[in-house]
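Asker: Coordinates in my_file.cif, mmCIF, C-alpha atoms, are listed below.
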data_work
#
loop_
_atom_site.label_atom_id
_atom_site.label_comp_id
_atom_site.auth_asym_id
_atom_site.auth_seq_id
_atom_site.Cartn_x
_atom_site.Cartn_y
_atom_site.Cartn_z
CA MET R 1 73.94 120.63 99.78
CA ILE R 2 72.82 117.67 97.67
CA VAL R 3 76.01 117.81 95.56
CA ALA R 4 78.15 118.05 98.70
CA ASP R 5 76.37 115.06 100.25
CA ILE R 6 76.89 113.02 97.08
CA GLN R 7 80.61 113.89 97.05
CA LYS R 8 80.92 112.97 100.72
CA SER R 9 79.18 109.65 100.12
CA SER R 10 81.43 108.94 97.14
CA LEU R 11 84.58 109.58 99.22
CA LYS R 12 83.35 107.18 101.89
CA GLU R 13 82.65 104.52 99.27
CA GLN R 14 86.23 104.96 98.06
CA ARG R 15 87.48 104.18 101.57
CA LEU R 16 85.57 100.92 101.55
CA GLN R 17 86.79 100.11 98.04
CA PHE R 18 90.42 100.58 99.08
CA ILE R 19 89.95 98.13 101.97
CA ARG R 20 88.07 95.64 99.80
CA ASN R 21 90.69 95.78 97.02
CA HIS R 22 93.34 94.80 99.57
CA GLN R 23 91.16 91.96 100.85
CA GLN R 24 90.55 90.66 97.37
CA ALA R 25 94.18 90.90 96.27
CA PHE R 26 95.43 88.82 99.21
CA ASP R 27 92.46 86.49 99.77
CA VAL R 28 91.56 88.04 103.12
CA GLU R 29 88.82 86.07 104.85
CA PRO R 30 86.01 88.16 106.42
CA ILE R 31 87.35 87.41 109.90
CA TYR R 32 85.52 88.97 112.86
CA PRO R 33 85.35 91.98 113.28
CA LEU R 34 86.43 93.10 109.78
CA ARG R 35 82.91 94.17 108.83
CA LEU R 36 82.58 96.18 112.06
CA PHE R 37 85.82 97.97 111.18
CA GLU R 38 84.46 98.78 107.74
CA ASP R 39 81.35 100.27 109.38
CA PHE R 40 83.59 102.29 111.70
CA VAL R 41 85.59 103.63 108.74
CA MET R 42 82.40 104.57 106.89
CA GLY R 43 81.10 106.40 109.97
CA VAL R 44 84.12 108.69 110.35
CA GLU R 45 83.41 112.24 109.20
CA GLY R 46 86.05 114.46 107.64
CA ASP R 47 89.37 113.65 106.00
CA CYS R 48 91.31 110.51 106.83
CA THR R 49 94.13 108.29 105.65
CA ILE R 50 93.76 104.51 105.56
CA GLU R 51 96.74 102.23 105.92
CA ALA R 52 96.63 98.70 104.50
CA SER R 53 99.50 96.49 105.57
CA CYS R 54 100.83 92.97 105.29
CA LYS R 55 103.03 91.05 107.70
CA ILE R 56 105.11 88.42 105.96
CA GLU R 57 106.51 85.48 107.95
CA LEU R 58 108.42 83.25 105.49
CA ASP R 59 105.72 82.23 103.00
CA LYS R 60 102.86 83.12 105.38
CA LEU R 61 100.95 86.30 104.53
CA ILE R 62 98.96 88.10 107.24
CA ALA R 63 96.93 90.71 105.38
CA SER R 64 93.91 91.57 107.53
CA ARG R 65 95.67 94.64 108.92
CA PHE R 66 94.26 98.16 108.58
CA MET R 67 94.63 101.51 110.35
CA LEU R 68 92.55 104.66 110.04
CA PHE R 69 94.30 108.01 110.65
CA PHE R 70 91.99 110.90 111.54
CA ARG R 71 93.05 113.83 109.32
CA ASP R 72 90.18 116.28 109.73
CA GLN R 73 91.17 119.91 110.23
CA ALA R 74 88.89 120.12 113.27
CA GLN R 75 91.40 117.94 115.21
CA GLU R 76 88.79 116.84 117.74
CA TRP R 77 91.16 114.34 119.35
CA GLN R 78 88.97 113.57 122.35
CA ASN R 79 86.07 112.83 120.03
CA TYR R 80 88.24 110.54 117.87
CA LEU R 81 89.24 108.61 120.99
CA ALA R 82 85.57 108.27 121.98
CA GLN R 83 84.66 107.05 118.46
CA SER R 84 87.46 104.50 118.57
CA LEU R 85 86.48 103.21 122.01
CA ALA R 86 82.85 102.91 120.86
CA PHE R 87 84.09 100.69 118.01
CA PHE R 88 86.14 98.66 120.51
CA ARG R 89 83.07 98.14 122.69
CA GLN R 90 81.15 96.89 119.66
CA VAL R 91 83.86 94.31 119.08
CA GLU R 92 83.58 93.23 122.72
CA ASN R 93 79.91 92.33 122.21
CA ARG R 94 81.00 88.96 120.85
CA VAL R 95 81.34 86.09 123.31
CA GLY R 96 85.00 85.25 123.85
CA VAL R 97 86.32 88.79 123.24
CA LYS R 98 87.61 90.67 126.27
CA LEU R 99 89.82 93.75 125.98
CA ASP R 100 92.09 95.10 128.70
CA TYR R 101 92.23 98.91 128.73
CA SER R 102 94.40 99.24 131.86
CA LEU R 103 97.60 100.35 130.06
CA LEU R 104 95.69 102.96 128.06
CA GLN R 105 93.94 104.18 131.22
CA GLN R 106 97.26 104.47 133.08
CA PHE R 107 98.76 106.40 130.18
CA LEU R 108 95.85 108.83 129.74
CA GLY R 109 95.30 109.41 133.47
CA LEU R 110 92.65 111.86 134.67
CA ASN R 111 93.68 115.15 133.05
CA PHE R 112 95.15 114.22 129.68
CA ASN R 113 95.90 117.28 127.52
CA PHE R 114 94.42 116.35 124.14
CA SER R 115 95.85 119.49 122.52
CA LYS R 116 99.26 117.77 122.67
CA ILE R 117 98.16 115.13 120.13
CA THR R 118 99.21 115.63 116.50
CA VAL R 119 98.16 112.28 115.00
CA PHE R 120 95.61 109.73 116.19
CA SER R 121 94.91 106.36 114.56
CA THR R 122 92.88 103.23 115.22
CA GLY R 123 93.07 99.85 113.55
CA ILE R 124 92.85 96.08 113.45
CA ASP R 125 95.25 93.15 113.11
CA LEU R 126 93.12 90.05 112.63
CA ARG R 127 94.10 86.37 112.73
CA THR R 128 92.15 83.17 112.13
CA ASN R 129 92.72 82.30 115.80
CA LEU R 130 90.46 84.85 117.53
CA ALA R 131 92.69 85.09 120.62
CA ASP R 132 95.62 86.33 118.51
CA SER R 133 93.59 89.12 116.89
CA SER R 134 94.00 92.63 118.23
CA LEU R 135 92.73 96.19 117.99
CA LYS R 136 95.30 98.96 117.80
CA MET R 137 95.62 102.59 118.74
CA HIS R 138 98.54 104.94 118.00
CA ILE R 139 98.98 108.43 119.45
CA ARG R 140 101.61 110.93 118.28
CA LEU R 141 102.44 113.63 120.84
CA LYS R 142 104.24 116.96 120.70
CA ASP R 143 105.79 118.78 123.69
CA TYR R 144 104.35 116.41 126.30
CA PRO R 145 107.44 115.12 128.21
CA GLU R 146 105.49 113.86 131.22
CA LYS R 147 103.48 111.47 129.02
CA ILE R 148 106.60 110.40 127.13
CA ASN R 149 108.19 109.53 130.49
CA GLN R 150 105.08 107.64 131.52
CA ALA R 151 105.11 105.64 128.27
CA LEU R 152 108.76 104.71 128.91
CA LEU R 153 107.93 103.54 132.44
CA LEU R 154 105.03 101.43 131.18
CA THR R 155 107.16 99.91 128.40
CA SER R 156 110.28 98.96 130.35
CA ASP R 157 111.07 98.14 133.98
CA SER R 158 114.66 99.37 133.58
CA ASP R 159 116.38 102.51 132.34
CA ASP R 160 117.56 100.89 129.10
CA LEU R 161 115.26 103.04 126.92
CA ILE R 162 116.05 106.42 128.50
CA ALA R 163 118.54 107.17 125.70
CA VAL R 164 115.74 107.21 123.11
CA ARG R 165 113.50 109.62 125.06
CA ASP R 166 114.50 112.64 122.95
CA PHE R 167 113.43 110.80 119.78
CA LEU R 168 110.12 109.55 121.12
CA SER R 169 106.73 110.92 120.04
CA ILE R 170 104.57 107.90 119.11
CA VAL R 171 102.94 105.61 121.66
CA GLY R 172 100.96 102.57 120.55
CA PHE R 173 98.58 100.15 122.24
CA ASP R 174 97.61 96.59 121.26
CA PHE R 175 94.41 95.15 122.71
CA TYR R 176 94.26 91.38 122.14
CA PHE R 177 90.91 89.64 122.09
CA ASP R 178 91.91 87.21 124.87
CA GLY R 179 92.56 90.04 127.36
CA ARG R 180 96.28 90.55 126.80
CA SER R 181 97.48 94.08 126.13
CA ALA R 182 100.76 95.76 125.23
CA ILE R 183 102.16 99.26 125.02
CA LYS R 184 104.71 100.05 122.32
CA ILE R 185 106.94 103.05 121.83
CA TYR R 186 108.31 104.21 118.48
CA PRO R 187 111.38 106.47 118.70
CA GLU R 188 112.12 108.01 115.31
CA VAL R 189 114.55 110.30 113.54
CA ALA R 190 113.36 112.72 110.85
CA GLU R 191 115.41 113.33 107.74
CA THR R 192 116.21 116.87 108.91
CA ASP R 193 117.99 115.35 111.94
CA PHE R 194 119.92 112.56 110.16
CA PHE R 195 123.24 114.42 110.17
CA LYS R 196 123.09 116.07 113.57
CA PRO R 197 125.91 115.13 116.01
CA GLU R 198 123.32 114.09 118.61
CA THR R 199 121.79 111.59 116.18
CA GLN R 200 125.22 110.19 115.33
CA ASP R 201 126.07 109.80 119.01
CA LYS R 202 122.75 108.37 120.25
CA VAL R 203 121.54 106.38 117.23
CA TRP R 204 123.72 105.79 114.18
CA ARG R 205 126.90 104.69 115.97
CA HIS R 206 124.98 101.79 117.52
CA LEU R 207 123.92 100.40 114.12
CA PRO R 208 125.93 98.63 111.40
CA LYS R 209 126.35 100.40 108.07
CA PHE R 210 124.09 98.03 106.14
CA VAL R 211 121.16 99.05 108.36
CA LEU R 212 121.73 102.71 107.47
CA GLU R 213 121.97 102.15 103.72
CA PRO R 214 118.22 102.91 103.10
CA LEU R 215 118.59 106.36 104.72
CA LYS R 216 119.43 107.72 101.26
CA ALA R 217 115.78 107.21 100.28
CA THR R 218 114.17 107.64 103.74
CA SER R 219 112.27 110.54 105.31
CA LEU R 220 111.74 108.90 108.72
CA PHE R 221 113.71 106.15 110.48
CA GLY R 222 112.43 104.53 113.66
CA PHE R 223 112.26 101.59 116.05
CA GLY R 224 109.45 99.69 117.72
CA PHE R 225 109.94 98.58 121.35
CA SER R 226 107.63 96.66 123.67
CA LYS R 227 107.84 94.28 126.62
CA THR R 228 106.43 91.50 124.46
CA ASN R 229 109.08 91.88 121.75
CA ASN R 230 112.71 91.55 122.79
CA ASN R 231 113.84 92.09 119.22
CA PRO R 232 113.19 95.73 118.21
CA VAL R 233 111.65 96.29 114.78
CA LEU R 234 113.44 98.82 112.56
CA TYR R 235 111.15 101.05 110.49
CA CYS R 236 111.94 103.12 107.39
CA ARG R 237 109.52 105.45 105.66
CA LEU R 238 110.75 105.48 102.09
CA LYS R 239 109.82 108.63 100.18
CA ASN R 240 108.93 106.59 97.10
CA ARG R 241 107.71 103.00 97.17
CA GLN R 242 109.60 102.39 93.90
CA ASP R 243 112.79 102.37 95.99
CA LEU R 244 111.75 99.43 98.16
CA THR R 245 113.48 96.69 96.18
CA ASN R 246 116.61 98.84 95.74
CA TYR R 247 117.31 98.62 99.47
CA PHE R 248 115.39 95.57 100.73
CA LYS R 249 115.90 92.06 99.32
CA LEU R 250 112.37 90.72 99.68
CA ASN R 251 111.25 87.12 99.48
CA ASP R 252 108.65 86.06 96.90
CA THR R 253 105.66 86.56 99.25
CA ALA R 254 106.63 90.14 100.07
CA GLN R 255 107.44 90.77 96.42
CA ARG R 256 103.89 89.72 95.52
CA VAL R 257 102.47 92.29 97.93
CA HIS R 258 104.67 95.05 96.63
CA SER R 259 103.97 94.22 93.00
CA PHE R 260 100.25 94.70 93.63
CA TYR R 261 100.72 98.12 95.24
CA GLN R 262 103.05 99.33 92.50
CA HIS R 263 99.97 99.67 90.32
CA GLN R 264 97.55 101.20 92.84
CA ASP R 265 96.51 104.84 93.15
CA ILE R 266 97.98 105.46 96.60
CA MET R 267 100.41 107.81 98.35
CA PRO R 268 104.02 107.46 97.12
CA LYS R 269 105.55 106.72 100.53
CA ILE R 270 105.83 103.26 102.07
CA TRP R 271 106.73 102.13 105.57
CA VAL R 272 108.92 99.03 105.89
CA GLY R 273 109.45 97.22 109.19
CA THR R 274 111.90 94.40 109.87
CA ALA R 275 114.46 93.19 112.43
CA GLN R 276 118.15 93.94 112.07
CA GLN R 277 119.12 90.28 111.59
CA GLU R 278 116.75 90.03 108.63
CA LEU R 279 118.80 92.67 106.83
CA GLU R 280 121.88 90.47 107.20
CA LYS R 281 120.30 87.67 105.16
CA THR R 282 120.48 87.23 101.40
CA ARG R 283 116.66 87.52 101.44
CA ILE R 284 114.36 89.12 103.99
CA GLU R 285 111.88 86.47 105.12
CA ASN R 286 110.08 88.41 107.86
CA VAL R 287 108.88 91.91 107.06
CA ARG R 288 105.99 94.34 107.43
CA LEU R 289 104.88 96.53 104.51
CA TYR R 290 102.53 99.53 104.97
CA TYR R 291 100.69 101.36 102.18
CA HIS R 292 98.53 104.50 102.52
CA LYS R 293 95.74 106.28 100.71
CA LEU R 294 94.48 109.75 101.60
CA PHE R 295 90.75 110.46 101.50
CA GLY R 296 90.41 114.24 101.55
CA LYS R 297 92.60 117.25 100.82
CA LEU R 298 96.37 117.10 100.57
CA GLU R 299 98.05 118.93 103.45
#
Could you rewrite the structure in this file as structure tokens?

Answerer:
Amino acid sequence: MIVADIQKSSLKEQRLQFIRNHQQAFDVEPIYPLRLFEDFVMGVEGDCTIEASCKIELDKLIASRFMLFFRDQAQEWQNYLAQSLAFFRQVENRVGVKLDYSLLQQFLGLNFNFSKITVFSTGIDLRTNLADSSLKMHIRLKDYPEKINQALLLTSDSDDLIAVRDFLSIVGFDFYFDGRSAIKIYPEVAETDFFKPETQDKVWRHLPKFVLEPLKATSLFGFGFSKTNNNPVLYCRLKNRQDLTNYFKLNDTAQRVHSFYQHQDIMPKIWVGTAQQELEKTRIENVRLYYHKLFGKLE
């Protein structure tokens, strides 16, 4: 028991070290509620993955961005939601922070079937201006069409997103500290479906060839839609982060981020997010980079 407890404590310390290394590398200020998030991460039992990400806007680097993915075999999704909301309520204890849960409440409803969840994650995106900071929650569903339809209705007032329904499994929520909130949907195509006629008809034919070039090194390709963002973000999950600069012409700020993570002990994959018009430029000036480390057993 003592040995097991020591090992468990060591794994939790490694979680904190991963977050702190990111902070140190990119001069992340201890903005509220970063320390509360660290406490939340340390309090999570079982396996998890932590995502550290950077959003690059020209030469501006926004690096206080982290997500925790619950990976425990127990898959106690309702409990993970309760833990996350308890963390959110802690954040709300500060004067000036007010979160709006109405979109999440509408989505969950009264009889949500938690067995339909396959991935659940909670995180932070912090800015020096408190009002622009947000807490995040992402839910991946399987075989739950009624909730997919509900997410589409909450995301768009028109039928313009109906075409992506068959590719939709991830629903995200942003809770801004000034009371704003947003729901986001993330349609995606897995590598096994890249060459299916349905994918060609509904997805690829709407995109220029240069957007599809990274598919050679990609295991998942997706989009991010929300009411607050009229310009959808394109996402690629590259199988190997070494391939990033082969397909994406990064500016110096993004290159700095990637250079750091080339030498870290993390998972090989990397998520890249950017708008289509950025890919048309000689250099990508606005991009999101996501890096992951698993704390627990490999699946």

Asker: Excluding stretch 152-166 of chain R and its own-chain neighbours fewer than 3 positions away, which residues fall within 12 Å of it when counting all atoms listed in the file? Please give them as an mmCIF file with C-alpha atoms, in the frame of the given file.

Answerer:
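Contents of part_6.cif, as written:
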data_model
loop_
_atom_site.group_PDB
_atom_site.id
_atom_site.type_symbol
_atom_site.label_atom_id
_atom_site.label_comp_id
_atom_site.auth_asym_id
_atom_site.auth_seq_id
_atom_site.Cartn_x
_atom_site.Cartn_y
_atom_site.Cartn_z
ATOM 1 C CA SER R 102 94.400 99.240 131.860
ATOM 2 C CA LEU R 103 97.600 100.350 130.060
ATOM 3 C CA LEU R 104 95.690 102.960 128.060
ATOM 4 C CA GLN R 105 93.940 104.180 131.220
ATOM 5 C CA GLN R 106 97.260 104.470 133.080
ATOM 6 C CA PHE R 107 98.760 106.400 130.180
ATOM 7 C CA LEU R 108 95.850 108.830 129.740
ATOM 8 C CA LYS R 142 104.240 116.960 120.700
ATOM 9 C CA ASP R 143 105.790 118.780 123.690
ATOM 10 C CA TYR R 144 104.350 116.410 126.300
ATOM 11 C CA PRO R 145 107.440 115.120 128.210
ATOM 12 C CA GLU R 146 105.490 113.860 131.220
ATOM 13 C CA LYS R 147 103.480 111.470 129.020
ATOM 14 C CA ILE R 148 106.600 110.400 127.130
ATOM 15 C CA ASN R 149 108.190 109.530 130.490
ATOM 16 C CA SER R 169 106.730 110.920 120.040
ATOM 17 C CA ILE R 170 104.570 107.900 119.110
ATOM 18 C CA VAL R 171 102.940 105.610 121.660
ATOM 19 C CA GLY R 172 100.960 102.570 120.550
ATOM 20 C CA PHE R 173 98.580 100.150 122.240
ATOM 21 C CA SER R 181 97.480 94.080 126.130
ATOM 22 C CA ALA R 182 100.760 95.760 125.230
ATOM 23 C CA ILE R 183 102.160 99.260 125.020
ATOM 24 C CA LYS R 184 104.710 100.050 122.320
ATOM 25 C CA ILE R 185 106.940 103.050 121.830
ATOM 26 C CA TYR R 186 108.310 104.210 118.480
ATOM 27 C CA PRO R 187 111.380 106.470 118.700
ATOM 28 C CA GLU R 188 112.120 108.010 115.310
ATOM 29 C CA VAL R 189 114.550 110.300 113.540
ATOM 30 C CA ASP R 193 117.990 115.350 111.940
ATOM 31 C CA GLU R 198 123.320 114.090 118.610
ATOM 32 C CA THR R 199 121.790 111.590 116.180
ATOM 33 C CA ASP R 201 126.070 109.800 119.010
ATOM 34 C CA LYS R 202 122.750 108.370 120.250
ATOM 35 C CA VAL R 203 121.540 106.380 117.230
ATOM 36 C CA HIS R 206 124.980 101.790 117.520
ATOM 37 C CA GLY R 222 112.430 104.530 113.660
ATOM 38 C CA PHE R 223 112.260 101.590 116.050
ATOM 39 C CA GLY R 224 109.450 99.690 117.720
ATOM 40 C CA PHE R 225 109.940 98.580 121.350
ATOM 41 C CA SER R 226 107.630 96.660 123.670
ATOM 42 C CA LYS R 227 107.840 94.280 126.620
ATOM 43 C CA THR R 228 106.430 91.500 124.460
ATOM 44 C CA ASN R 229 109.080 91.880 121.750
ATOM 45 C CA ASN R 230 112.710 91.550 122.790
ATOM 46 C CA PRO R 232 113.190 95.730 118.210
#

Asker: Decode the PyMOL selection byres ((chain R and resi 68-83) around 6) for the given file into explicit residues and return them as a ChimeraX atom specification.

Answerer: /R:46-50,67,84-86,120-123

Asker: What does the structure give for the distance between atom CA of R:His258 and atom CA of R:Ser219, in Å to one decimal?

Answerer: 19.3 Å

Asker: Residues near R:Lys269, anyone? I mean within 12 Å using only C-alpha atoms, not counting same-chain ones fewer than 2 positions away, as an mmCIF file with C-alpha atoms, keeping the file's coordinate frame.

Answerer:
data_model
loop_
_atom_site.group_PDB
_atom_site.id
_atom_site.type_symbol
_atom_site.label_atom_id
_atom_site.label_comp_id
_atom_site.auth_asym_id
_atom_site.auth_seq_id
_atom_site.Cartn_x
_atom_site.Cartn_y
_atom_site.Cartn_z
ATOM 1 C CA GLU R 51 96.740 102.230 105.920
ATOM 2 C CA ALA R 217 115.780 107.210 100.280
ATOM 3 C CA THR R 218 114.170 107.640 103.740
ATOM 4 C CA SER R 219 112.270 110.540 105.310
ATOM 5 C CA LEU R 220 111.740 108.900 108.720
ATOM 6 C CA CYS R 236 111.940 103.120 107.390
ATOM 7 C CA ARG R 237 109.520 105.450 105.660
ATOM 8 C CA LEU R 238 110.750 105.480 102.090
ATOM 9 C CA LYS R 239 109.820 108.630 100.180
ATOM 10 C CA ASN R 240 108.930 106.590 97.100
ATOM 11 C CA ARG R 241 107.710 103.000 97.170
ATOM 12 C CA GLN R 242 109.600 102.390 93.900
ATOM 13 C CA ASP R 243 112.790 102.370 95.990
ATOM 14 C CA LEU R 244 111.750 99.430 98.160
ATOM 15 C CA TYR R 261 100.720 98.120 95.240
ATOM 16 C CA GLN R 262 103.050 99.330 92.500
ATOM 17 C CA ASP R 265 96.510 104.840 93.150
ATOM 18 C CA ILE R 266 97.980 105.460 96.600
ATOM 19 C CA MET R 267 100.410 107.810 98.350
ATOM 20 C CA TRP R 271 106.730 102.130 105.570
ATOM 21 C CA VAL R 272 108.920 99.030 105.890
ATOM 22 C CA LEU R 289 104.880 96.530 104.510
ATOM 23 C CA TYR R 290 102.530 99.530 104.970
ATOM 24 C CA TYR R 291 100.690 101.360 102.180
ATOM 25 C CA HIS R 292 98.530 104.500 102.520
ATOM 26 C CA LYS R 293 95.740 106.280 100.710
ATOM 27 C CA LEU R 294 94.480 109.750 101.600
#

Asker: In Å to one decimal, how far is atom CA of R:Lys55 from atom CA of R:Asn286?

Answerer: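 Atom CA of R:Lys55 lies at a distance of 7.5 Å from atom CA of R:Asn286.
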
Asker: Find the residues around R:Ala25 up to 12 Å (only C-alpha atoms counted), leave out those fewer than 3 positions away in its own chain, and share them as a list of chain:residue names.

Answerer: R:Gln17, R:Phe18, R:Ile19, R:Arg20, R:Asn21, R:His22, R:Val28, R:Glu29, R:Ala52, R:Cys54, R:Leu61, R:Ala63, R:Ser64, R:Arg256, R:Val257, R:His258, R:Ser259, R:Phe260, R:Tyr261, R:Gln264

Asker: Evaluated on this file, the PyMOL selection byres ((chain R and resi 178) around 8) picks out some residues - which ones are they, written as a PyMOL selection string?

Answerer: chain R and resi 96-99+130-132+176-177+179-180

Asker: Just stretch 119-197 of chain R from the block, C-alpha atoms, as a PDB file, in the first residue's frame, could you?

Answerer:
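out.pdb, written as the output of this step:
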ATOM      1  CA  VAL R 119     -14.210  11.379 -23.603  1.00  0.00           C
ATOM      2  CA  PHE R 120     -14.651  14.158 -21.054  1.00  0.00           C
ATOM      3  CA  SER R 121     -12.258  17.065 -20.510  1.00  0.00           C
ATOM      4  CA  THR R 122     -12.080  20.290 -18.517  1.00  0.00           C
ATOM      5  CA  GLY R 123      -9.697  23.193 -18.861  1.00  0.00           C
ATOM      6  CA  ILE R 124      -8.736  26.850 -18.728  1.00  0.00           C
ATOM      7  CA  ASP R 125      -7.870  29.600 -21.207  1.00  0.00           C
ATOM      8  CA  LEU R 126      -6.577  32.529 -19.165  1.00  0.00           C
ATOM      9  CA  ARG R 127      -5.899  36.123 -20.216  1.00  0.00           C
ATOM     10  CA  THR R 128      -4.482  39.124 -18.375  1.00  0.00           C
ATOM     11  CA  ASN R 129      -7.885  40.797 -18.777  1.00  0.00           C
ATOM     12  CA  LEU R 130     -10.022  38.731 -16.379  1.00  0.00           C
ATOM     13  CA  ALA R 131     -13.205  39.184 -18.445  1.00  0.00           C
ATOM     14  CA  ASP R 132     -11.591  37.469 -21.444  1.00  0.00           C
ATOM     15  CA  SER R 133     -10.540  34.400 -19.438  1.00  0.00           C
ATOM     16  CA  SER R 134     -12.661  31.282 -19.708  1.00  0.00           C
ATOM     17  CA  LEU R 135     -13.167  27.773 -18.373  1.00  0.00           C
ATOM     18  CA  LYS R 136     -13.749  25.013 -20.896  1.00  0.00           C
ATOM     19  CA  MET R 137     -15.507  21.683 -21.083  1.00  0.00           C
ATOM     20  CA  HIS R 138     -15.482  19.206 -23.985  1.00  0.00           C
ATOM     21  CA  ILE R 139     -17.703  16.135 -24.282  1.00  0.00           C
ATOM     22  CA  ARG R 140     -17.277  13.410 -26.907  1.00  0.00           C
ATOM     23  CA  LEU R 141     -20.423  11.355 -27.557  1.00  0.00           C
ATOM     24  CA  LYS R 142     -21.140   8.063 -29.289  1.00  0.00           C
ATOM     25  CA  ASP R 143     -24.549   6.956 -30.639  1.00  0.00           C
ATOM     26  CA  TYR R 144     -26.467   9.868 -29.121  1.00  0.00           C
ATOM     27  CA  PRO R 145     -28.196  11.530 -32.138  1.00  0.00           C
ATOM     28  CA  GLU R 146     -30.734  13.469 -30.074  1.00  0.00           C
ATOM     29  CA  LYS R 147     -27.947  15.311 -28.225  1.00  0.00           C
ATOM     30  CA  ILE R 148     -26.030  15.897 -31.463  1.00  0.00           C
ATOM     31  CA  ASN R 149     -29.181  17.494 -32.901  1.00  0.00           C
ATOM     32  CA  GLN R 150     -29.588  19.596 -29.780  1.00  0.00           C
ATOM     33  CA  ALA R 151     -25.978  20.806 -30.012  1.00  0.00           C
ATOM     34  CA  LEU R 152     -26.585  21.816 -33.646  1.00  0.00           C
ATOM     35  CA  LEU R 153     -29.705  23.766 -32.664  1.00  0.00           C
ATOM     36  CA  LEU R 154     -27.845  25.565 -29.878  1.00  0.00           C
ATOM     37  CA  THR R 155     -24.913  26.387 -32.184  1.00  0.00           C
ATOM     38  CA  SER R 156     -26.765  27.731 -35.220  1.00  0.00           C
ATOM     39  CA  ASP R 157     -30.150  29.351 -35.846  1.00  0.00           C
ATOM     40  CA  SER R 158     -30.228  28.030 -39.418  1.00  0.00           C
ATOM     41  CA  ASP R 159     -29.835  24.668 -41.134  1.00  0.00           C
ATOM     42  CA  ASP R 160     -26.375  25.494 -42.507  1.00  0.00           C
ATOM     43  CA  LEU R 161     -24.620  22.926 -40.279  1.00  0.00           C
ATOM     44  CA  ILE R 162     -26.962  19.993 -40.909  1.00  0.00           C
ATOM     45  CA  ALA R 163     -24.548  18.600 -43.520  1.00  0.00           C
ATOM     46  CA  VAL R 164     -21.891  17.998 -40.854  1.00  0.00           C
ATOM     47  CA  ARG R 165     -24.209  16.114 -38.469  1.00  0.00           C
ATOM     48  CA  ASP R 166     -22.903  12.683 -39.514  1.00  0.00           C
ATOM     49  CA  PHE R 167     -19.346  13.767 -38.644  1.00  0.00           C
ATOM     50  CA  LEU R 168     -20.180  15.318 -35.291  1.00  0.00           C
ATOM     51  CA  SER R 169     -19.264  13.763 -31.935  1.00  0.00           C
ATOM     52  CA  ILE R 170     -17.555  16.518 -29.885  1.00  0.00           C
ATOM     53  CA  VAL R 171     -19.428  19.343 -28.180  1.00  0.00           C
ATOM     54  CA  GLY R 172     -17.545  22.070 -26.323  1.00  0.00           C
ATOM     55  CA  PHE R 173     -18.519  24.831 -23.917  1.00  0.00           C
ATOM     56  CA  ASP R 174     -16.701  28.080 -23.076  1.00  0.00           C
ATOM     57  CA  PHE R 175     -17.610  29.843 -19.835  1.00  0.00           C
ATOM     58  CA  TYR R 176     -16.197  33.386 -19.793  1.00  0.00           C
ATOM     59  CA  PHE R 177     -15.566  35.107 -16.488  1.00  0.00           C
ATOM     60  CA  ASP R 178     -17.778  38.091 -17.407  1.00  0.00           C
ATOM     61  CA  GLY R 179     -20.870  35.898 -17.870  1.00  0.00           C
ATOM     62  CA  ARG R 180     -20.644  35.240 -21.599  1.00  0.00           C
ATOM     63  CA  SER R 181     -20.856  31.640 -22.752  1.00  0.00           C
ATOM     64  CA  ALA R 182     -20.541  29.764 -26.036  1.00  0.00           C
ATOM     65  CA  ILE R 183     -21.213  26.296 -27.370  1.00  0.00           C
ATOM     66  CA  LYS R 184     -18.901  24.886 -30.035  1.00  0.00           C
ATOM     67  CA  ILE R 185     -19.224  21.837 -32.224  1.00  0.00           C
ATOM     68  CA  TYR R 186     -16.309  19.936 -33.737  1.00  0.00           C
ATOM     69  CA  PRO R 187     -17.201  17.749 -36.739  1.00  0.00           C
ATOM     70  CA  GLU R 188     -14.295  15.473 -37.617  1.00  0.00           C
ATOM     71  CA  VAL R 189     -13.226  12.816 -40.085  1.00  0.00           C
ATOM     72  CA  ALA R 190     -11.095   9.859 -38.975  1.00  0.00           C
ATOM     73  CA  GLU R 191      -8.319   8.530 -41.172  1.00  0.00           C
ATOM     74  CA  THR R 192     -10.301   5.344 -41.838  1.00  0.00           C
ATOM     75  CA  ASP R 193     -13.003   7.503 -43.493  1.00  0.00           C
ATOM     76  CA  PHE R 194     -10.739   9.789 -45.562  1.00  0.00           C
ATOM     77  CA  PHE R 195     -11.349   7.948 -48.845  1.00  0.00           C
ATOM     78  CA  LYS R 196     -15.020   7.120 -48.489  1.00  0.00           C
ATOM     79  CA  PRO R 197     -17.334   8.573 -51.196  1.00  0.00           C
TER      80      PRO R 197
END
